[in-house]
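What follows is structure29.cif (mmCIF, C-alpha atoms).
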```
data_entry
loop_
_atom_site.label_atom_id
_atom_site.label_comp_id
_atom_site.auth_asym_id
_atom_site.auth_seq_id
_atom_site.Cartn_x
_atom_site.Cartn_y
_atom_site.Cartn_z
CA MET A 1 23.60 8.29 -3.72
CA ALA A 2 21.18 11.18 -3.62
CA ARG A 3 22.73 14.63 -3.43
CA THR A 4 22.56 16.35 -0.06
CA ASP A 5 22.45 20.14 0.02
CA VAL A 6 24.25 20.96 3.28
CA ALA A 7 23.02 24.55 3.35
CA ASP A 8 19.42 23.40 2.97
CA THR A 9 19.49 20.51 5.40
CA ALA A 10 21.31 22.20 8.23
CA ALA A 11 19.15 23.03 11.20
CA GLY A 12 20.15 26.65 10.92
CA ALA A 13 19.80 26.99 7.14
CA PRO A 14 19.63 30.57 5.92
CA ILE A 15 16.13 31.73 5.20
CA GLY A 16 17.01 33.29 1.87
CA ASN A 17 16.21 36.58 0.13
CA ASP A 18 12.84 38.30 -0.08
CA ALA A 19 12.00 36.70 -3.44
CA ASN A 20 12.50 33.25 -1.99
CA LEU A 21 10.39 34.16 1.05
CA TRP A 22 7.46 35.29 -1.11
CA ARG A 23 7.78 32.21 -3.29
CA ASP A 24 7.78 29.87 -0.29
CA LEU A 25 4.84 31.74 1.25
CA LEU A 26 2.73 31.44 -1.91
CA VAL A 27 3.66 27.79 -2.40
CA GLY A 28 2.89 27.16 1.26
CA LEU A 29 -0.58 28.65 0.79
CA VAL A 30 -1.22 26.25 -2.09
CA SER A 31 -0.01 23.34 0.04
CA SER A 32 -2.32 24.60 2.77
CA VAL A 33 -5.33 24.25 0.48
CA LEU A 34 -4.35 20.65 -0.21
CA SER A 35 -3.81 19.98 3.50
CA VAL A 36 -7.25 21.37 4.35
CA ALA A 37 -8.90 19.24 1.64
CA TYR A 38 -7.13 16.08 2.77
CA GLY A 39 -7.78 16.93 6.41
CA LEU A 40 -11.53 17.24 5.87
CA SER A 41 -11.61 13.87 4.11
CA PHE A 42 -9.63 12.20 6.92
CA ALA A 43 -11.90 13.74 9.58
CA ALA A 44 -14.95 12.45 7.71
CA LEU A 45 -13.33 9.01 7.49
CA ILE A 46 -12.47 8.75 11.20
CA PHE A 47 -15.62 10.42 12.54
CA SER A 48 -18.09 8.46 10.43
CA GLY A 49 -20.89 6.12 11.44
CA PRO A 50 -21.86 6.58 15.11
CA LEU A 51 -19.35 9.43 15.49
CA THR A 52 -20.84 11.56 12.69
CA PRO A 53 -22.67 13.89 15.13
CA TRP A 54 -19.25 14.88 16.53
CA LEU A 55 -17.60 15.51 13.16
CA ALA A 56 -16.72 19.07 14.22
CA TYR A 57 -14.47 17.61 16.94
CA GLY A 58 -12.87 15.38 14.30
CA ILE A 59 -12.15 18.41 12.15
CA ALA A 60 -10.61 20.21 15.14
CA ALA A 61 -8.45 17.18 16.00
CA THR A 62 -7.33 16.99 12.35
CA PHE A 63 -6.22 20.61 12.20
CA ILE A 64 -4.47 20.29 15.57
CA ALA A 65 -2.53 17.36 14.12
CA THR A 66 -1.83 19.28 10.90
CA ALA A 67 -0.62 22.38 12.75
CA THR A 68 1.71 20.50 15.10
CA GLY A 69 3.03 18.15 12.43
CA ALA A 70 3.65 20.86 9.83
CA ALA A 71 5.28 23.25 12.33
CA ILE A 72 7.64 20.79 14.04
CA VAL A 73 8.70 19.07 10.81
CA ALA A 74 9.22 22.40 9.03
CA ALA A 75 11.42 23.59 11.90
CA ARG A 76 13.55 20.44 12.34
CA SER A 77 13.43 18.30 9.20
CA SER A 78 16.63 17.58 7.28
CA ILE A 79 14.66 18.45 4.14
CA PRO A 80 13.57 22.07 4.74
CA PHE A 81 10.53 22.07 2.43
CA MET A 82 9.06 18.88 3.94
CA ILE A 83 5.31 19.00 4.58
CA ALA A 84 3.80 16.82 7.32
CA GLY A 85 0.30 16.13 8.58
CA PRO A 86 -2.26 13.34 8.73
CA ASP A 87 -1.65 10.85 5.91
CA GLY A 88 -3.97 8.51 4.04
CA SER A 89 -2.42 5.31 5.37
CA THR A 90 -2.26 6.47 8.98
CA ALA A 91 -5.79 7.90 8.80
CA ALA A 92 -7.08 4.57 7.48
CA VAL A 93 -5.69 2.49 10.35
CA THR A 94 -6.73 5.20 12.82
CA ALA A 95 -10.28 5.01 11.49
CA ALA A 96 -10.24 1.22 11.85
CA MET A 97 -9.03 1.57 15.44
CA ILE A 98 -11.78 4.05 16.32
CA ALA A 99 -14.40 1.85 14.66
CA ALA A 100 -13.18 -1.06 16.81
CA LEU A 101 -13.59 1.17 19.87
CA VAL A 102 -17.03 2.66 19.24
CA GLY A 103 -18.62 -0.51 17.83
CA PRO A 104 -18.83 -2.34 21.18
CA LEU A 105 -19.71 0.89 22.99
CA THR A 106 -22.65 1.47 20.65
CA ALA A 107 -23.74 -2.17 20.95
CA ASN A 108 -23.83 -1.74 24.73
CA GLY A 109 -26.08 1.29 24.39
CA SER A 110 -23.49 3.88 25.35
CA ASP A 111 -24.14 7.43 24.13
CA ASP A 112 -20.84 8.84 25.40
CA LEU A 113 -18.62 8.14 22.40
CA LEU A 114 -16.72 11.41 22.03
CA ALA A 115 -14.52 11.30 25.14
CA PRO A 116 -13.34 7.69 24.56
CA ALA A 117 -12.65 8.42 20.88
CA LEU A 118 -10.62 11.57 21.58
CA PHE A 119 -8.70 9.79 24.33
CA VAL A 120 -7.75 6.82 22.14
CA LEU A 121 -6.80 9.14 19.26
CA ALA A 122 -4.45 11.09 21.53
CA LEU A 123 -3.10 7.92 23.14
CA SER A 124 -2.21 6.40 19.76
CA ALA A 125 -0.39 9.59 18.73
CA GLY A 126 1.54 9.69 22.01
CA LEU A 127 2.62 6.04 21.84
CA THR A 128 3.57 6.45 18.18
CA GLY A 129 5.63 9.54 18.95
CA LEU A 130 7.40 7.73 21.77
CA LEU A 131 8.26 4.80 19.50
CA LEU A 132 9.59 7.08 16.75
CA CYS A 133 11.75 9.02 19.22
CA ILE A 134 13.21 5.79 20.60
CA LEU A 135 14.00 4.55 17.08
CA GLY A 136 15.59 7.86 16.15
CA LEU A 137 17.69 8.20 19.29
CA ALA A 138 18.78 4.55 18.96
CA GLY A 139 20.01 5.22 15.42
CA ALA A 140 17.55 2.70 13.99
CA GLY A 141 16.65 4.74 10.92
CA GLY A 142 18.67 2.53 8.60
CA ALA A 143 17.21 -0.62 10.16
CA ILE A 144 13.69 0.45 9.20
CA ARG A 145 14.78 0.27 5.56
CA PHE A 146 15.05 -3.52 5.94
CA VAL A 147 11.33 -4.14 6.45
CA PRO A 148 10.59 -6.99 3.99
CA TYR A 149 8.77 -6.03 0.80
CA PRO A 150 6.00 -8.61 1.38
CA VAL A 151 5.26 -6.94 4.72
CA ILE A 152 5.16 -3.51 3.07
CA GLY A 153 3.03 -4.90 0.25
CA GLY A 154 0.56 -6.38 2.69
CA PHE A 155 0.49 -3.12 4.62
CA LEU A 156 -0.23 -1.13 1.46
CA GLY A 157 -2.94 -3.55 0.36
CA ALA A 158 -4.63 -3.51 3.76
CA THR A 159 -4.56 0.27 4.10
CA GLY A 160 -5.79 0.61 0.52
CA TRP A 161 -8.79 -1.55 1.38
CA LEU A 162 -9.42 0.48 4.54
CA MET A 163 -9.32 3.69 2.49
CA ALA A 164 -11.70 2.33 -0.16
CA SER A 165 -14.17 0.90 2.33
CA GLY A 166 -13.94 4.10 4.37
CA ALA A 167 -14.71 6.15 1.25
CA VAL A 168 -17.85 4.06 0.68
CA ARG A 169 -18.87 4.67 4.31
CA VAL A 170 -18.34 8.44 3.93
CA ILE A 171 -20.32 8.58 0.67
CA THR A 172 -23.25 6.33 1.60
CA GLY A 173 -23.14 6.05 5.38
CA GLU A 174 -23.08 2.26 5.00
CA ASN A 175 -20.33 -0.26 5.68
CA ILE A 176 -19.05 -2.70 3.06
CA SER A 177 -20.30 -6.02 4.39
CA LEU A 178 -22.49 -8.93 3.38
CA GLU A 179 -25.20 -7.66 5.71
CA ASP A 180 -25.27 -4.24 4.02
CA ALA A 181 -24.83 -5.51 0.45
CA GLU A 182 -28.49 -5.00 -0.46
CA VAL A 183 -28.48 -1.47 0.94
CA LEU A 184 -25.38 -0.51 -1.05
CA VAL A 185 -26.95 -1.45 -4.39
CA THR A 186 -30.11 0.62 -3.93
CA VAL A 187 -30.60 3.28 -6.59
CA PRO A 188 -29.82 6.30 -4.33
CA ASN A 189 -26.59 4.73 -3.07
CA LEU A 190 -25.55 3.71 -6.59
CA TRP A 191 -25.96 7.34 -7.70
CA LYS A 192 -23.86 8.52 -4.76
CA LEU A 193 -21.15 5.92 -5.41
CA GLY A 194 -21.16 6.82 -9.10
CA ALA A 195 -20.61 10.49 -8.27
CA GLY A 196 -17.76 9.59 -5.92
CA ALA A 197 -16.21 7.33 -8.55
CA ALA A 198 -16.43 10.17 -11.09
CA VAL A 199 -14.52 12.49 -8.76
CA ALA A 200 -11.93 9.78 -8.07
CA THR A 201 -11.50 9.10 -11.79
CA ALA A 202 -11.11 12.79 -12.61
CA LEU A 203 -8.50 13.18 -9.86
CA TYR A 204 -6.60 10.09 -10.98
CA LEU A 205 -6.52 11.04 -14.65
CA CYS A 206 -5.67 14.70 -14.11
CA LEU A 207 -3.08 14.19 -11.38
CA SER A 208 -1.31 11.55 -13.48
CA ARG A 209 -0.99 14.04 -16.35
CA SER A 210 -0.30 17.30 -14.53
CA ARG A 211 1.94 18.39 -11.67
CA SER A 212 0.06 21.62 -11.12
CA PRO A 213 -0.85 22.08 -7.45
CA LEU A 214 -4.14 23.62 -8.57
CA VAL A 215 -5.51 20.41 -10.11
CA LEU A 216 -6.74 18.79 -6.90
CA PRO A 217 -8.50 21.83 -5.39
CA GLY A 218 -9.86 22.73 -8.83
CA ILE A 219 -11.54 19.34 -9.27
CA LEU A 220 -12.93 19.41 -5.74
CA PHE A 221 -14.40 22.89 -6.25
CA ALA A 222 -15.85 21.73 -9.58
CA ALA A 223 -17.48 18.75 -7.84
CA ILE A 224 -18.98 21.05 -5.20
CA ALA A 225 -20.28 23.42 -7.89
CA ALA A 226 -21.74 20.52 -9.90
CA ALA A 227 -23.59 19.25 -6.82
CA HIS A 228 -25.18 22.64 -6.19
CA VAL A 229 -26.13 23.02 -9.87
CA ALA A 230 -27.82 19.62 -9.71
CA ILE A 231 -29.65 20.63 -6.52
CA ALA A 232 -30.91 23.80 -8.20
CA LEU A 233 -31.96 22.06 -11.43
CA THR A 234 -33.93 19.36 -9.59
CA GLY A 235 -35.69 21.86 -7.34
CA THR A 236 -34.22 20.22 -4.24
CA THR A 237 -33.44 22.28 -1.18
CA LEU A 238 -30.13 22.02 0.67
CA ALA A 239 -31.95 20.60 3.70
CA GLU A 240 -33.52 17.89 1.54
CA ALA A 241 -30.12 17.02 0.04
CA GLN A 242 -28.69 16.73 3.55
CA SER A 243 -31.61 14.56 4.66
CA ALA A 244 -31.08 12.30 1.64
CA GLY A 245 -27.41 11.85 2.57
CA TRP A 246 -25.90 13.78 -0.32
CA MET A 247 -24.51 16.62 1.80
CA PHE A 248 -22.97 16.85 5.25
CA ALA A 249 -25.09 18.27 8.03
CA ALA A 250 -23.79 21.58 9.32
CA PRO A 251 -21.60 20.86 12.37
CA GLU A 252 -21.99 23.24 15.29
CA PRO A 253 -18.89 25.21 16.36
CA VAL A 254 -17.18 23.38 19.20
CA PRO A 255 -14.78 24.56 21.90
CA LEU A 256 -11.30 23.15 21.71
CA ARG A 257 -10.84 20.56 24.43
CA LEU A 258 -8.09 18.26 25.58
CA PRO A 259 -9.09 14.58 25.71
CA TRP A 260 -8.55 14.32 29.46
CA VAL A 261 -9.75 17.73 30.69
CA GLY A 262 -13.19 17.76 32.29
CA VAL A 263 -13.55 14.00 31.88
CA SER A 264 -13.70 11.59 34.79
CA LEU A 265 -10.96 8.97 34.72
CA ALA A 266 -13.65 6.35 35.25
CA ASP A 267 -15.30 7.40 31.97
CA LEU A 268 -12.19 6.71 29.88
CA PRO A 269 -12.17 3.39 27.99
CA TRP A 270 -9.60 1.59 30.13
CA LYS A 271 -11.31 -1.80 29.75
CA ALA A 272 -11.26 -1.49 25.96
CA LEU A 273 -7.52 -0.87 25.73
CA PRO A 274 -6.42 -4.55 25.93
CA LYS A 275 -8.68 -5.39 22.98
CA LEU A 276 -7.37 -2.33 21.13
CA SER A 277 -3.71 -3.22 21.69
CA GLY A 278 -3.43 -4.75 18.22
CA ASP A 279 -4.98 -1.65 16.64
CA LEU A 280 -2.65 0.63 18.61
CA LEU A 281 0.36 -1.40 17.47
CA ALA A 282 -0.93 -1.22 13.89
CA VAL A 283 -1.10 2.59 14.06
CA MET A 284 2.45 2.72 15.44
CA PHE A 285 3.83 0.30 12.83
CA VAL A 286 1.97 1.86 9.90
CA THR A 287 3.15 5.35 10.86
CA ALA A 288 6.79 4.19 11.00
CA VAL A 289 6.54 2.38 7.65
CA THR A 290 4.62 5.26 6.05
CA MET A 291 7.31 7.67 7.21
CA LEU A 292 9.93 5.38 5.61
CA LEU A 293 8.10 4.96 2.31
CA ASN A 294 7.15 8.63 1.99
CA THR A 295 10.63 9.86 2.90
CA ALA A 296 12.19 7.45 0.39
CA GLY A 297 9.81 8.73 -2.28
CA ILE A 298 10.65 12.34 -1.43
CA GLU A 299 14.37 11.53 -1.62
CA PHE A 300 13.86 10.04 -5.09
CA VAL A 301 11.78 12.92 -6.46
CA THR A 302 13.90 15.75 -5.04
CA ARG A 303 17.31 14.04 -5.34
CA ARG A 304 18.10 14.86 -1.70
CA GLN A 305 19.09 12.46 1.03
CA ALA A 306 17.25 12.71 4.33
CA ASP A 307 18.73 12.04 7.75
CA LEU A 308 16.40 9.25 8.86
CA GLU A 309 17.34 9.42 12.53
CA ARG A 310 16.57 13.14 12.55
CA GLU A 311 13.29 12.57 10.69
CA LEU A 312 12.24 9.88 13.18
CA THR A 313 12.86 12.06 16.23
CA THR A 314 11.26 15.06 14.54
CA LEU A 315 8.12 13.15 13.65
CA GLY A 316 8.14 11.60 17.13
CA ILE A 317 8.17 15.03 18.78
CA ALA A 318 5.40 16.20 16.46
CA ASN A 319 3.20 13.24 17.39
CA ILE A 320 3.81 13.66 21.11
CA LEU A 321 2.84 17.34 20.86
CA SER A 322 -0.21 16.43 18.76
CA SER A 323 -1.23 13.94 21.45
CA ALA A 324 -0.83 16.51 24.22
CA LEU A 325 -3.04 18.99 22.37
CA GLY A 326 -5.75 16.49 21.39
CA GLY A 327 -4.76 15.61 17.83
CA TYR A 328 -3.80 12.30 16.25
CA VAL A 329 -0.94 10.77 14.29
CA ASN A 330 1.10 12.64 11.67
CA SER A 331 3.51 11.53 9.01
CA MET A 332 5.61 13.06 6.28
CA SER A 333 3.39 13.63 3.25
CA LEU A 334 4.75 12.38 -0.06
CA SER A 335 2.08 14.03 -2.22
CA ARG A 336 2.10 17.43 -0.55
CA THR A 337 5.90 17.60 -0.26
CA THR A 338 6.49 16.65 -3.90
CA ILE A 339 3.83 19.11 -5.11
CA ASN A 340 5.43 21.71 -2.84
CA TYR A 341 8.82 21.00 -4.43
CA ALA A 342 7.44 20.99 -7.99
CA ALA A 343 5.82 24.39 -7.37
CA GLY A 344 9.18 25.85 -6.34
CA GLY A 345 9.03 25.62 -2.56
CA ARG A 346 12.50 25.25 -1.05
CA GLY A 347 12.42 26.72 2.45
CA ARG A 348 10.96 26.07 5.88
CA LEU A 349 8.41 28.84 5.43
CA CYS A 350 6.35 26.45 3.26
CA GLY A 351 5.58 24.11 6.15
CA LEU A 352 5.23 26.94 8.64
CA THR A 353 2.60 28.50 6.37
CA VAL A 354 0.67 25.21 6.33
CA ALA A 355 0.80 25.17 10.14
CA ALA A 356 -0.44 28.78 10.36
CA VAL A 357 -3.37 28.09 8.02
CA ALA A 358 -4.27 24.99 10.05
CA VAL A 359 -4.35 27.12 13.22
CA LEU A 360 -6.65 29.61 11.47
CA ALA A 361 -8.87 26.72 10.35
CA LEU A 362 -9.27 25.73 14.00
CA VAL A 363 -11.20 28.93 14.72
CA ALA A 364 -13.23 28.84 11.49
CA ASP A 365 -16.94 28.05 11.64
CA PRO A 366 -17.26 24.36 10.62
CA SER A 367 -20.77 24.95 9.25
CA PHE A 368 -19.15 25.53 5.85
CA LEU A 369 -19.08 21.74 5.57
CA ALA A 370 -22.84 21.87 4.91
CA VAL A 371 -22.14 23.03 1.34
CA VAL A 372 -19.69 20.17 0.65
CA PRO A 373 -21.16 17.01 -0.95
CA LYS A 374 -20.11 13.77 0.68
CA PHE A 375 -19.13 12.26 -2.66
CA ALA A 376 -16.44 14.94 -3.17
CA LEU A 377 -14.49 13.99 -0.03
CA GLY A 378 -15.27 10.31 -0.61
CA GLY A 379 -13.86 10.58 -4.11
CA LEU A 380 -10.69 12.16 -2.70
CA LEU A 381 -10.32 9.19 -0.33
CA LEU A 382 -10.73 6.79 -3.25
#
```
So that I can check it, write out the structure of this file as structure tokens.
Amino acid sequence: MARTDVADTAAGAPIGNDANLWRDLLVGLVSSVLSVAYGLSFAALIFSGPLTPWLAYGIAATFIATATGAAIVAARSSIPFMIAGPDGSTAAVTAAMIAALVGPLTANGSDDLLAPALFVLALSAGLTGLLLCILGLAGAGGAIRFVPYPVIGGFLGATGWLMASGAVRVITGENISLEDAEVLVTVPNLWKLGAGAAVATALYLCLSRSRSPLVLPGILFAAIAAAHVAIALTGTTLAEAQSAGWMFAAPEPVPLRLPWVGVSLADLPWKALPKLSGDLLAVMFVTAVTMLLNTAGIEFVTRRQADLERELTTLGIANILSSALGGYVNSMSLSRTTINYAAGGRGRLCGLTVAAVAVLALVADPSFLAVVPKFALGGLLL
């Protein structure tokens, strides 16, 4: 049985002395860098293809989700240093759901893709939050542990494929399909995929050998620097690199908007919801299972036992709030929480710092994305 620290897990746990506060603040800032990096990659994954022109809205929705998830979980979790936010598995199924929504709309010649996408993102978060709250209040936390391993294995395999195929779409702008096979093996796309694979390999090798929280941001910054050195050495301008698909176009700053404010009810994708019911259920199921797997992993690494019913209701509240504000689904993050713990974070200030940085990122000018090569975020997804 994992050890439970009553003082730490109590809702009213003491904050600690000044040294602990400074430590948790600094560790929280490091976790914030990781959350921003992951968030940008998830936004690029979900708002890819036809939604690329509205990537700035995807970034805003991501940081809304990060802020609400990190704040609510930090305030209520039975593990005080828990970090929450959009997760790879949940982002993958969310991206698949949005692709299933915008595909038919694009085929029908519709240009109004943003409002339906934001509405479905918020709807999936709200329904997921409602399900998690019901499970938590019903005391079903232990029952979730009995999901059969073959089901979990299939879920992991499917989301892994969605992440890999989504990474290819972010890097090249093309889907993995028989129809696009010839396009993917053209020389420019092979160079882009090679660069993304190099970033993924460097991340895999370094993260498997080091627990330093600086490894991931260090490799990403190195990839960005290498891209700009290559641009300078080849005499290519930034605009030419963007036109060739190596760099993101600079998104325009966008006003924060709720999915249902200023939008006619008739313009919302009501007719598409029956066809999306399977995708919505997948998001709900994957979020519940991801929460289980990640919490179990955090329990193992930190030798602390979580109160699953409390975690379910906490994550449910976070997702309902994210939905109300225009974000999408959150989950407990295994990677960011374990890195947070390894770096010495022990208090709730860690997660609250992540939430504060996410709020600041909401008002930042998203044009900074123009200096980020697509293969860097694609490599992170891989």
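Considering the residues A:Gly109, A:Gly28, A:Gly126, A:Pro253 and counting all atoms listed in the file, A:Ile320 has its shortest atom-to-atom contact with A:Gly126.
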Show me as a CSV table (one decimal) with C-alpha atoms, in the frame of the given file the residues that reach within 12 Å of (-6.3, 0.0, 0.5), counting all atoms listed in the file and using the file's own coordinates.
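Final file, result.csv:
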```csv
chain,number,residue,atom,x,y,z
A,88,GLY,CA,-4.0,8.5,4.0
A,89,SER,CA,-2.4,5.3,5.4
A,90,THR,CA,-2.3,6.5,9.0
A,91,ALA,CA,-5.8,7.9,8.8
A,92,ALA,CA,-7.1,4.6,7.5
A,93,VAL,CA,-5.7,2.5,10.4
A,153,GLY,CA,3.0,-4.9,0.2
A,154,GLY,CA,0.6,-6.4,2.7
A,155,PHE,CA,0.5,-3.1,4.6
A,156,LEU,CA,-0.2,-1.1,1.5
A,157,GLY,CA,-2.9,-3.6,0.4
A,158,ALA,CA,-4.6,-3.5,3.8
A,159,THR,CA,-4.6,0.3,4.1
A,160,GLY,CA,-5.8,0.6,0.5
A,161,TRP,CA,-8.8,-1.6,1.4
A,162,LEU,CA,-9.4,0.5,4.5
A,163,MET,CA,-9.3,3.7,2.5
A,164,ALA,CA,-11.7,2.3,-0.2
A,165,SER,CA,-14.2,0.9,2.3
A,166,GLY,CA,-13.9,4.1,4.4
A,167,ALA,CA,-14.7,6.2,1.2
A,381,LEU,CA,-10.3,9.2,-0.3
A,382,LEU,CA,-10.7,6.8,-3.2
```
Please provide as a PDB file with C-alpha atoms, in the coordinates of the input all residues within 10 Å of A:Leu377, with the sequence filter that same-chain residues fewer than 6 positions apart are discarded (counting all atoms listed in the file).
```pdb
ATOM      1  CA  ALA A  37      -8.900  19.240   1.640  1.00  0.00           C
ATOM      2  CA  TYR A  38      -7.130  16.080   2.770  1.00  0.00           C
ATOM      3  CA  GLY A  39      -7.780  16.930   6.410  1.00  0.00           C
ATOM      4  CA  LEU A  40     -11.530  17.240   5.870  1.00  0.00           C
ATOM      5  CA  SER A  41     -11.610  13.870   4.110  1.00  0.00           C
ATOM      6  CA  PHE A  42      -9.630  12.200   6.920  1.00  0.00           C
ATOM      7  CA  ALA A  43     -11.900  13.740   9.580  1.00  0.00           C
ATOM      8  CA  ALA A  44     -14.950  12.450   7.710  1.00  0.00           C
ATOM      9  CA  LEU A  45     -13.330   9.010   7.490  1.00  0.00           C
ATOM     10  CA  ALA A 167     -14.710   6.150   1.250  1.00  0.00           C
ATOM     11  CA  VAL A 170     -18.340   8.440   3.930  1.00  0.00           C
ATOM     12  CA  ILE A 171     -20.320   8.580   0.670  1.00  0.00           C
ATOM     13  CA  GLY A 196     -17.760   9.590  -5.920  1.00  0.00           C
ATOM     14  CA  VAL A 199     -14.520  12.490  -8.760  1.00  0.00           C
ATOM     15  CA  ALA A 200     -11.930   9.780  -8.070  1.00  0.00           C
ATOM     16  CA  LEU A 220     -12.930  19.410  -5.740  1.00  0.00           C
ATOM     17  CA  ALA A 223     -17.480  18.750  -7.840  1.00  0.00           C
ATOM     18  CA  ILE A 224     -18.980  21.050  -5.200  1.00  0.00           C
TER      19      ILE A 224
END
```
Hey, which of A:Ala19, A:Leu315, A:Ala343, A:Met332 ends up closest to A:Gly129? Count all atoms listed in the file.
->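 Checking each candidate against A:Gly129, we get A:Leu315 as the closest.
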So which residues touch A:Val215 within 12 Å, counting all atoms listed in the file, skipping near sequence neighbours fewer than 3 positions away, as a JSON list (two decimals) with C-alpha atoms, keeping the file's coordinate frame?
```
[["chain", "number", "residue", "atom", "x", "y", "z"],
["A", 30, "VAL", "CA", -1.22, 26.25, -2.09],
["A", 31, "SER", "CA", -0.01, 23.34, 0.04],
["A", 33, "VAL", "CA", -5.33, 24.25, 0.48],
["A", 34, "LEU", "CA", -4.35, 20.65, -0.21],
["A", 202, "ALA", "CA", -11.11, 12.79, -12.61],
["A", 203, "LEU", "CA", -8.50, 13.18, -9.86],
["A", 204, "TYR", "CA", -6.60, 10.09, -10.98],
["A", 205, "LEU", "CA", -6.52, 11.04, -14.65],
["A", 206, "CYS", "CA", -5.67, 14.70, -14.11],
["A", 207, "LEU", "CA", -3.08, 14.19, -11.38],
["A", 208, "SER", "CA", -1.31, 11.55, -13.48],
["A", 209, "ARG", "CA", -0.99, 14.04, -16.35],
["A", 210, "SER", "CA", -0.30, 17.30, -14.53],
["A", 211, "ARG", "CA", 1.94, 18.39, -11.67],
["A", 212, "SER", "CA", 0.06, 21.62, -11.12],
["A", 218, "GLY", "CA", -9.86, 22.73, -8.83],
["A", 219, "ILE", "CA", -11.54, 19.34, -9.27],
["A", 220, "LEU", "CA", -12.93, 19.41, -5.74],
["A", 221, "PHE", "CA", -14.40, 22.89, -6.25],
["A", 222, "ALA", "CA", -15.85, 21.73, -9.58],
["A", 339, "ILE", "CA", 3.83, 19.11, -5.11]]
```
Two-atom distance - atom CA of A:Ala241, atom CA of A:Ile59 (Å) |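 Atom-to-atom, atom CA of A:Ala241 and atom CA of A:Ile59 are spaced 21.7 Å apart.
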Between A:Leu135, A:Val185, A:Ala232, A:Ala356, which one has atoms that come closest to A:Ile72, using all atoms listed in the file?
->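 That would be A:Ala356, the residue with the smallest distance to A:Ile72.
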Which residue of A:Gly378, A:Ile79, A:Leu121, A:Tyr57 approaches A:Asp307 most closely, using only C-alpha atoms | A:Ile79
Enumerate, as number ranges by chain, the residues matched when the PyMOL selection byres ((chain A and resi 25) around 10) is run on the file above.
-> A: 19-24, 26-31, 345, 347-354
Please save C-alpha atoms of the selected residues as a compact mmCIF listing (two decimals), in the frame of the given file.
```txt
# COMPACT_ATOMS: atom_id res chain seq x y z
CA ALA A 19 12.00 36.70 -3.44
CA ASN A 20 12.50 33.25 -1.99
CA LEU A 21 10.39 34.16 1.05
CA TRP A 22 7.46 35.29 -1.11
CA ARG A 23 7.78 32.21 -3.29
CA ASP A 24 7.78 29.87 -0.29
CA LEU A 26 2.73 31.44 -1.91
CA VAL A 27 3.66 27.79 -2.40
CA GLY A 28 2.89 27.16 1.26
CA LEU A 29 -0.58 28.65 0.79
CA VAL A 30 -1.22 26.25 -2.09
CA SER A 31 -0.01 23.34 0.04
CA GLY A 345 9.03 25.62 -2.56
CA GLY A 347 12.42 26.72 2.45
CA ARG A 348 10.96 26.07 5.88
CA LEU A 349 8.41 28.84 5.43
CA CYS A 350 6.35 26.45 3.26
CA GLY A 351 5.58 24.11 6.15
CA LEU A 352 5.23 26.94 8.64
CA THR A 353 2.60 28.50 6.37
CA VAL A 354 0.67 25.21 6.33
```
Reference answer for the PyMOL selection byres ((chain A and resi 69) around 8), as a list in words =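 Applied to this file, the PyMOL selection byres ((chain A and resi 69) around 8) returns Ala65, Thr66, Ala67, Thr68, Ala70, Ala71, Ile72, Val73, Ala84, Gly85, Leu315, Ala318, Asn319, Ser322, Asn330, Ser331 and Ala355 of chain A.
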So which residues touch A:Val36 within 8 Å, counting all atoms listed in the file, skipping near sequence neighbours fewer than 4 positions away, as a PyMOL selection string?
-> chain A and resi 32+40+63+358
What does the distance from atom CA of A:Asp112 to atom CA of A:Ala99 come to in Å, to one decimal?
->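 Separation of atom CA of A:Asp112 and atom CA of A:Ala99: 14.3 Å.
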How far is it from atom CA of A:Gly142 to atom CA of A:Ile298, in Å with one decimal?
->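 Separating atom CA of A:Gly142 from atom CA of A:Ile298 is a distance of 16.2 Å.
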Among listed residues A:Ala117, A:Ala376, A:Leu137, A:Ala61, nearest A:Ala195 (using only C-alpha atoms) |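 Nearest to A:Ala195: A:Ala376.
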Nearest candidate to A:Ala198 (options A:Phe375, A:Gly235, A:Leu118, A:Gly173; using all atoms listed in the file) |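 Once distances to A:Ala198 are computed over all atoms listed in the file, the minimum belongs to A:Phe375.
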Set out as CSV a contact list for stretch 117-232 of chain A and stretch 273-277 of chain A with a cut-off of 12 Å, giving each residue of stretch 117-232 of chain A that qualifies its closest atom pair and distance in Å to one decimal, counting all atoms listed in the file, ordered by chain and rising residue number.
```
residue,atom,partner,partner_atom,distance
A:Ala117,CA,A:Leu273,CA,11.7
A:Phe119,CA,A:Leu273,CA,10.8
A:Val120,CA,A:Leu273,CA,8.5
A:Leu121,CA,A:Leu276,CA,11.6
A:Leu123,CA,A:Leu273,CA,10.2
A:Ser124,CA,A:Ser277,CA,9.9
A:Leu127,CA,A:Ser277,CA,11.2
```
